[in-house]
>>> print(open('target23.cif').read())   # mmCIF, N, CA and C atoms
data_my_file
#
loop_
_atom_site.label_atom_id
_atom_site.label_comp_id
_atom_site.auth_asym_id
_atom_site.auth_seq_id
_atom_site.Cartn_x
_atom_site.Cartn_y
_atom_site.Cartn_z
N ARG A 1 59.81 -16.39 59.43
CA ARG A 1 58.92 -17.52 59.27
C ARG A 1 57.69 -17.36 60.17
N ASP A 2 57.89 -16.93 61.40
CA ASP A 2 56.75 -16.73 62.32
C ASP A 2 55.81 -15.66 61.80
N GLN A 3 56.38 -14.57 61.30
CA GLN A 3 55.56 -13.48 60.77
C GLN A 3 54.75 -13.95 59.56
N LEU A 4 55.38 -14.70 58.67
CA LEU A 4 54.68 -15.23 57.50
C LEU A 4 53.55 -16.16 57.94
N SER A 5 53.83 -17.01 58.90
CA SER A 5 52.82 -17.93 59.41
C SER A 5 51.62 -17.17 59.97
N LYS A 6 51.87 -16.14 60.75
CA LYS A 6 50.79 -15.34 61.32
C LYS A 6 49.98 -14.65 60.22
N THR A 7 50.66 -14.21 59.16
CA THR A 7 50.00 -13.49 58.07
C THR A 7 49.07 -14.40 57.27
N VAL A 8 49.53 -15.61 56.94
CA VAL A 8 48.74 -16.46 56.06
C VAL A 8 47.68 -17.29 56.78
N ARG A 9 47.73 -17.39 58.08
CA ARG A 9 46.73 -18.18 58.81
C ARG A 9 45.31 -17.67 58.61
N GLY A 10 45.14 -16.40 58.39
CA GLY A 10 43.81 -15.82 58.22
C GLY A 10 43.32 -15.78 56.78
N VAL A 11 44.12 -16.27 55.84
CA VAL A 11 43.75 -16.23 54.43
C VAL A 11 42.68 -17.29 54.16
N PRO A 12 41.54 -16.89 53.58
CA PRO A 12 40.49 -17.88 53.28
C PRO A 12 40.96 -18.86 52.21
N LEU A 13 40.52 -20.11 52.33
CA LEU A 13 40.91 -21.16 51.41
C LEU A 13 39.67 -21.98 51.08
N ASP A 14 39.35 -22.11 49.80
CA ASP A 14 38.21 -22.92 49.38
C ASP A 14 38.60 -24.39 49.40
N VAL A 15 37.72 -25.23 49.95
CA VAL A 15 37.92 -26.67 49.93
C VAL A 15 36.66 -27.33 49.42
N ALA A 16 36.81 -28.51 48.82
CA ALA A 16 35.67 -29.28 48.34
C ALA A 16 35.93 -30.74 48.64
N VAL A 17 34.92 -31.45 49.06
CA VAL A 17 35.05 -32.87 49.38
C VAL A 17 34.76 -33.69 48.14
N GLU A 18 35.64 -34.64 47.84
CA GLU A 18 35.44 -35.54 46.69
C GLU A 18 34.80 -36.83 47.18
N LEU A 19 33.60 -37.11 46.69
CA LEU A 19 32.89 -38.32 47.08
C LEU A 19 33.36 -39.53 46.29
N GLY A 20 33.88 -39.32 45.12
CA GLY A 20 34.33 -40.40 44.26
C GLY A 20 34.52 -39.88 42.86
N GLY A 21 34.83 -40.77 41.96
CA GLY A 21 35.05 -40.37 40.58
C GLY A 21 34.34 -41.31 39.63
N ALA A 22 34.30 -40.92 38.40
CA ALA A 22 33.70 -41.75 37.35
C ALA A 22 34.40 -41.41 36.03
N ARG A 23 34.43 -42.38 35.16
CA ARG A 23 34.99 -42.15 33.82
C ARG A 23 33.86 -42.40 32.83
N ILE A 24 33.50 -41.35 32.09
CA ILE A 24 32.46 -41.47 31.09
C ILE A 24 32.97 -40.86 29.79
N THR A 25 32.32 -41.20 28.71
CA THR A 25 32.72 -40.65 27.41
C THR A 25 32.12 -39.26 27.24
N LEU A 26 32.68 -38.52 26.32
CA LEU A 26 32.14 -37.20 26.00
C LEU A 26 30.70 -37.32 25.52
N ARG A 27 30.41 -38.36 24.76
CA ARG A 27 29.04 -38.59 24.28
C ARG A 27 28.08 -38.74 25.46
N GLN A 28 28.50 -39.53 26.47
CA GLN A 28 27.65 -39.73 27.65
C GLN A 28 27.47 -38.42 28.41
N LEU A 29 28.55 -37.66 28.54
CA LEU A 29 28.48 -36.37 29.24
C LEU A 29 27.50 -35.43 28.56
N LEU A 30 27.57 -35.35 27.24
CA LEU A 30 26.69 -34.44 26.51
C LEU A 30 25.24 -34.89 26.53
N ALA A 31 25.01 -36.19 26.77
CA ALA A 31 23.65 -36.72 26.79
C ALA A 31 23.00 -36.65 28.18
N LEU A 32 23.76 -36.26 29.20
CA LEU A 32 23.20 -36.23 30.56
C LEU A 32 22.03 -35.26 30.66
N GLN A 33 21.01 -35.70 31.38
CA GLN A 33 19.82 -34.88 31.60
C GLN A 33 19.45 -34.93 33.08
N ARG A 34 18.57 -34.03 33.45
CA ARG A 34 18.09 -33.98 34.82
C ARG A 34 17.54 -35.35 35.21
N GLY A 35 17.97 -35.85 36.37
CA GLY A 35 17.50 -37.13 36.85
C GLY A 35 18.40 -38.30 36.52
N ASP A 36 19.33 -38.10 35.57
CA ASP A 36 20.28 -39.17 35.24
C ASP A 36 21.20 -39.41 36.44
N VAL A 37 21.75 -40.60 36.53
CA VAL A 37 22.64 -40.98 37.61
C VAL A 37 23.98 -41.40 37.02
N VAL A 38 25.06 -40.87 37.59
CA VAL A 38 26.41 -41.26 37.20
C VAL A 38 26.97 -42.08 38.36
N ALA A 39 27.25 -43.35 38.12
CA ALA A 39 27.79 -44.23 39.17
C ALA A 39 29.24 -43.85 39.46
N LEU A 40 29.56 -43.70 40.73
CA LEU A 40 30.91 -43.37 41.15
C LEU A 40 31.71 -44.64 41.41
N ASP A 41 33.03 -44.51 41.41
CA ASP A 41 33.90 -45.65 41.65
C ASP A 41 34.12 -45.93 43.14
N THR A 42 33.29 -45.36 43.98
CA THR A 42 33.41 -45.50 45.43
C THR A 42 32.19 -46.20 45.99
N ARG A 43 32.40 -47.07 46.95
CA ARG A 43 31.28 -47.76 47.59
C ARG A 43 30.67 -46.87 48.67
N PHE A 44 29.38 -47.07 48.91
CA PHE A 44 28.69 -46.32 49.96
C PHE A 44 29.36 -46.60 51.30
N GLY A 45 29.62 -45.57 52.06
CA GLY A 45 30.25 -45.72 53.36
C GLY A 45 31.76 -45.61 53.32
N SER A 46 32.34 -45.60 52.11
CA SER A 46 33.79 -45.44 52.00
C SER A 46 34.18 -44.02 52.40
N PRO A 47 35.39 -43.85 52.91
CA PRO A 47 35.82 -42.50 53.26
C PRO A 47 35.86 -41.58 52.04
N ALA A 48 35.48 -40.35 52.26
CA ALA A 48 35.58 -39.33 51.22
C ALA A 48 36.93 -38.63 51.39
N VAL A 49 37.39 -37.96 50.36
CA VAL A 49 38.69 -37.28 50.38
C VAL A 49 38.46 -35.77 50.32
N LEU A 50 39.21 -35.04 51.14
CA LEU A 50 39.19 -33.59 51.09
C LEU A 50 40.58 -33.15 50.63
N PRO A 51 40.70 -32.78 49.35
CA PRO A 51 42.00 -32.32 48.86
C PRO A 51 42.24 -30.84 49.23
N VAL A 52 43.49 -30.48 49.36
CA VAL A 52 43.89 -29.09 49.58
C VAL A 52 44.87 -28.75 48.46
N GLN A 53 44.57 -27.70 47.72
CA GLN A 53 45.38 -27.30 46.57
C GLN A 53 45.57 -28.46 45.59
N GLY A 54 44.52 -29.27 45.43
CA GLY A 54 44.54 -30.36 44.47
C GLY A 54 45.21 -31.64 44.95
N ARG A 55 45.73 -31.63 46.16
CA ARG A 55 46.39 -32.83 46.70
C ARG A 55 45.56 -33.42 47.83
N PRO A 56 45.35 -34.73 47.83
CA PRO A 56 44.57 -35.35 48.91
C PRO A 56 45.22 -35.07 50.27
N LYS A 57 44.45 -34.54 51.22
CA LYS A 57 45.00 -34.17 52.52
C LYS A 57 44.28 -34.86 53.68
N PHE A 58 42.95 -34.97 53.58
CA PHE A 58 42.17 -35.54 54.68
C PHE A 58 41.23 -36.63 54.18
N LEU A 59 41.02 -37.65 55.00
CA LEU A 59 40.00 -38.67 54.77
C LEU A 59 38.93 -38.48 55.83
N GLY A 60 37.68 -38.74 55.46
CA GLY A 60 36.62 -38.59 56.44
C GLY A 60 35.29 -39.08 55.93
N GLN A 61 34.27 -38.81 56.71
CA GLN A 61 32.92 -39.25 56.39
C GLN A 61 32.01 -38.04 56.18
N VAL A 62 31.13 -38.16 55.24
CA VAL A 62 30.12 -37.13 55.01
C VAL A 62 28.97 -37.39 55.98
N GLY A 63 28.50 -36.35 56.60
CA GLY A 63 27.40 -36.48 57.56
C GLY A 63 26.53 -35.24 57.53
N ARG A 64 25.86 -34.98 58.65
CA ARG A 64 24.97 -33.83 58.74
C ARG A 64 25.19 -33.07 60.03
N ILE A 65 24.98 -31.78 59.93
CA ILE A 65 24.85 -30.91 61.10
C ILE A 65 23.56 -30.15 60.85
N GLY A 66 22.51 -30.55 61.54
CA GLY A 66 21.19 -29.96 61.30
C GLY A 66 20.74 -30.29 59.89
N ASN A 67 20.40 -29.26 59.11
CA ASN A 67 19.95 -29.44 57.73
C ASN A 67 21.07 -29.32 56.71
N ARG A 68 22.31 -29.22 57.19
CA ARG A 68 23.44 -29.03 56.28
C ARG A 68 24.32 -30.26 56.24
N LEU A 69 24.93 -30.50 55.08
CA LEU A 69 25.91 -31.58 54.97
C LEU A 69 27.21 -31.12 55.61
N ALA A 70 27.96 -32.08 56.15
CA ALA A 70 29.21 -31.77 56.82
C ALA A 70 30.24 -32.85 56.50
N PHE A 71 31.47 -32.60 56.86
CA PHE A 71 32.56 -33.55 56.63
C PHE A 71 33.31 -33.71 57.95
N GLN A 72 33.36 -34.93 58.45
CA GLN A 72 34.09 -35.22 59.69
C GLN A 72 35.43 -35.85 59.33
N ILE A 73 36.50 -35.21 59.73
CA ILE A 73 37.84 -35.70 59.41
C ILE A 73 38.17 -36.91 60.26
N ALA A 74 38.58 -37.99 59.59
CA ALA A 74 38.94 -39.22 60.27
C ALA A 74 40.45 -39.43 60.28
N ASP A 75 41.15 -38.90 59.27
CA ASP A 75 42.59 -39.13 59.17
C ASP A 75 43.23 -38.05 58.33
N VAL A 76 44.49 -37.77 58.62
CA VAL A 76 45.29 -36.85 57.82
C VAL A 76 46.17 -37.71 56.92
N MET A 77 46.11 -37.45 55.63
CA MET A 77 46.87 -38.27 54.67
C MET A 77 48.29 -37.73 54.49
N GLY A 78 49.21 -38.62 54.19
CA GLY A 78 50.56 -38.20 53.86
C GLY A 78 51.42 -37.82 55.04
N GLN A 79 51.10 -38.35 56.20
CA GLN A 79 51.93 -38.06 57.37
C GLN A 79 52.52 -39.32 57.92
#
>>> encode(input="target23.cif", output="structure tokens")
Amino acid sequence: RDQLSKTVRGVPLDVAVELGGARITLRQLLALQRGDVVALDTRFGSPAVLPVQGRPKFLGQVGRIGNRLAFQIADVMGQ
């Protein structure tokens, strides 16, 4: 178990922060153009979710580090 843990710790893992979701029809999706806005089901300032392997793992806030967007973890989910 220790050897496996040491081996997989260095494996890169892609993560993406979910700001919210929306439900739209296929017709609406196909009609989207540059500049259109899709309203999300999340209020401004609400925690964003960072899923790992498709499962929600972390809650946090989107912010900035210099000119880049960042994610600050506020809580670990499911513990």
>>> atom_distance(input="target23.cif", atom1="atom CA of Phe44 of chain A", atom2="atom CA of Met77 of chain A")
20.4 Å
>>> closest_residue(input="target23.cif", among="A:Leu29, A:Gln72, A:Gly78, A:Gly35", to="Pro56 of chain A", atoms="only N, CA and C atoms")
A:Gly78
>>> resolve_selection(input="target23.cif", expression="the PyMOL selection byres ((chain A and resi 49) around 5)", output="count of residues only")
8
>>> resolve_selection(input="target23.cif", expression="the PyMOL selection byres (((chain A and resi 74 and name CA) around 6) and name CA)", output="PDB file with N, CA and C atoms, in the frame of the given file")
ATOM      1  N   LEU A  59      41.020 -37.650  55.000  1.00  0.00           N
ATOM      2  CA  LEU A  59      40.000 -38.670  54.770  1.00  0.00           C
ATOM      3  C   LEU A  59      38.930 -38.480  55.830  1.00  0.00           C
ATOM      4  N   GLY A  60      37.680 -38.740  55.460  1.00  0.00           N
ATOM      5  CA  GLY A  60      36.620 -38.590  56.440  1.00  0.00           C
ATOM      6  C   GLY A  60      35.290 -39.080  55.930  1.00  0.00           C
ATOM      7  N   ILE A  73      36.500 -35.210  59.730  1.00  0.00           N
ATOM      8  CA  ILE A  73      37.840 -35.700  59.410  1.00  0.00           C
ATOM      9  C   ILE A  73      38.170 -36.910  60.260  1.00  0.00           C
ATOM     10  N   ASP A  75      41.150 -38.900  59.270  1.00  0.00           N
ATOM     11  CA  ASP A  75      42.590 -39.130  59.170  1.00  0.00           C
ATOM     12  C   ASP A  75      43.230 -38.050  58.330  1.00  0.00           C
TER      13      ASP A  75
END
>>> atom_distance(input="target23.cif", atom1="atom CA of Ala22 of chain A", atom2="atom CA of Asp41 of chain A")
5.8 Å
>>> closest_residue(input="target23.cif", among="A:Pro12, A:Gly54, A:Gly21, A:Gly63", to="Thr42 of chain A", atoms="all atoms listed in the file")
A:Gly21
>>> decode(input="target23.cif", residues="segment 23-73 of chain A", atoms="C-alpha atoms", output="PDB file, in the first residue's frame")
ATOM      1  CA  ARG A  23     -30.590  23.475 -18.452  1.00  0.00           C
ATOM      2  CA  ILE A  24     -31.299  24.595 -22.001  1.00  0.00           C
ATOM      3  CA  THR A  25     -32.940  22.966 -24.983  1.00  0.00           C
ATOM      4  CA  LEU A  26     -31.017  21.640 -27.948  1.00  0.00           C
ATOM      5  CA  ARG A  27     -32.628  24.390 -30.035  1.00  0.00           C
ATOM      6  CA  GLN A  28     -31.235  27.037 -27.653  1.00  0.00           C
ATOM      7  CA  LEU A  29     -27.801  25.400 -27.685  1.00  0.00           C
ATOM      8  CA  LEU A  30     -27.658  25.360 -31.475  1.00  0.00           C
ATOM      9  CA  ALA A  31     -28.748  29.013 -31.623  1.00  0.00           C
ATOM     10  CA  LEU A  32     -26.006  30.287 -29.284  1.00  0.00           C
ATOM     11  CA  GLN A  33     -23.763  32.951 -30.759  1.00  0.00           C
ATOM     12  CA  ARG A  34     -20.818  35.007 -29.614  1.00  0.00           C
ATOM     13  CA  GLY A  35     -21.934  37.407 -26.895  1.00  0.00           C
ATOM     14  CA  ASP A  36     -24.960  35.373 -25.794  1.00  0.00           C
ATOM     15  CA  VAL A  37     -25.317  34.759 -22.058  1.00  0.00           C
ATOM     16  CA  VAL A  38     -26.420  31.502 -20.446  1.00  0.00           C
ATOM     17  CA  ALA A  39     -27.757  32.095 -16.919  1.00  0.00           C
ATOM     18  CA  LEU A  40     -26.406  29.614 -14.380  1.00  0.00           C
ATOM     19  CA  ASP A  41     -28.375  28.119 -11.510  1.00  0.00           C
ATOM     20  CA  THR A  42     -25.881  29.569  -9.018  1.00  0.00           C
ATOM     21  CA  ARG A  43     -25.969  32.966  -7.345  1.00  0.00           C
ATOM     22  CA  PHE A  44     -22.986  35.300  -7.510  1.00  0.00           C
ATOM     23  CA  GLY A  45     -20.706  34.679  -4.533  1.00  0.00           C
ATOM     24  CA  SER A  46     -21.906  31.118  -3.996  1.00  0.00           C
ATOM     25  CA  PRO A  47     -19.198  28.511  -3.506  1.00  0.00           C
ATOM     26  CA  ALA A  48     -17.940  26.825  -6.637  1.00  0.00           C
ATOM     27  CA  VAL A  49     -17.370  23.055  -6.768  1.00  0.00           C
ATOM     28  CA  LEU A  50     -14.157  21.304  -7.754  1.00  0.00           C
ATOM     29  CA  PRO A  51     -14.991  17.709  -8.679  1.00  0.00           C
ATOM     30  CA  VAL A  52     -12.365  14.959  -8.798  1.00  0.00           C
ATOM     31  CA  GLN A  53     -13.047  12.060 -11.165  1.00  0.00           C
ATOM     32  CA  GLY A  54     -16.561  13.440 -11.665  1.00  0.00           C
ATOM     33  CA  ARG A  55     -17.436  13.499  -7.955  1.00  0.00           C
ATOM     34  CA  PRO A  56     -17.744  16.749  -5.978  1.00  0.00           C
ATOM     35  CA  LYS A  57     -14.708  16.934  -3.664  1.00  0.00           C
ATOM     36  CA  PHE A  58     -13.990  20.566  -2.759  1.00  0.00           C
ATOM     37  CA  LEU A  59     -16.007  23.764  -2.230  1.00  0.00           C
ATOM     38  CA  GLY A  60     -14.362  27.134  -2.631  1.00  0.00           C
ATOM     39  CA  GLN A  61     -14.287  30.588  -4.110  1.00  0.00           C
ATOM     40  CA  VAL A  62     -13.015  31.736  -7.471  1.00  0.00           C
ATOM     41  CA  GLY A  63     -10.504  34.553  -7.181  1.00  0.00           C
ATOM     42  CA  ARG A  64      -7.321  35.910  -8.726  1.00  0.00           C
ATOM     43  CA  ILE A  65      -3.608  35.491  -8.428  1.00  0.00           C
ATOM     44  CA  GLY A  66      -2.139  38.323 -10.468  1.00  0.00           C
ATOM     45  CA  ASN A  67      -3.688  38.150 -13.946  1.00  0.00           C
ATOM     46  CA  ARG A  68      -4.838  34.543 -13.561  1.00  0.00           C
ATOM     47  CA  LEU A  69      -8.023  33.080 -12.146  1.00  0.00           C
ATOM     48  CA  ALA A  70      -7.599  30.842  -9.112  1.00  0.00           C
ATOM     49  CA  PHE A  71      -9.656  28.628  -6.816  1.00  0.00           C
ATOM     50  CA  GLN A  72      -9.350  28.867  -3.036  1.00  0.00           C
ATOM     51  CA  ILE A  73     -10.524  25.749  -1.235  1.00  0.00           C
TER      52      ILE A  73
END
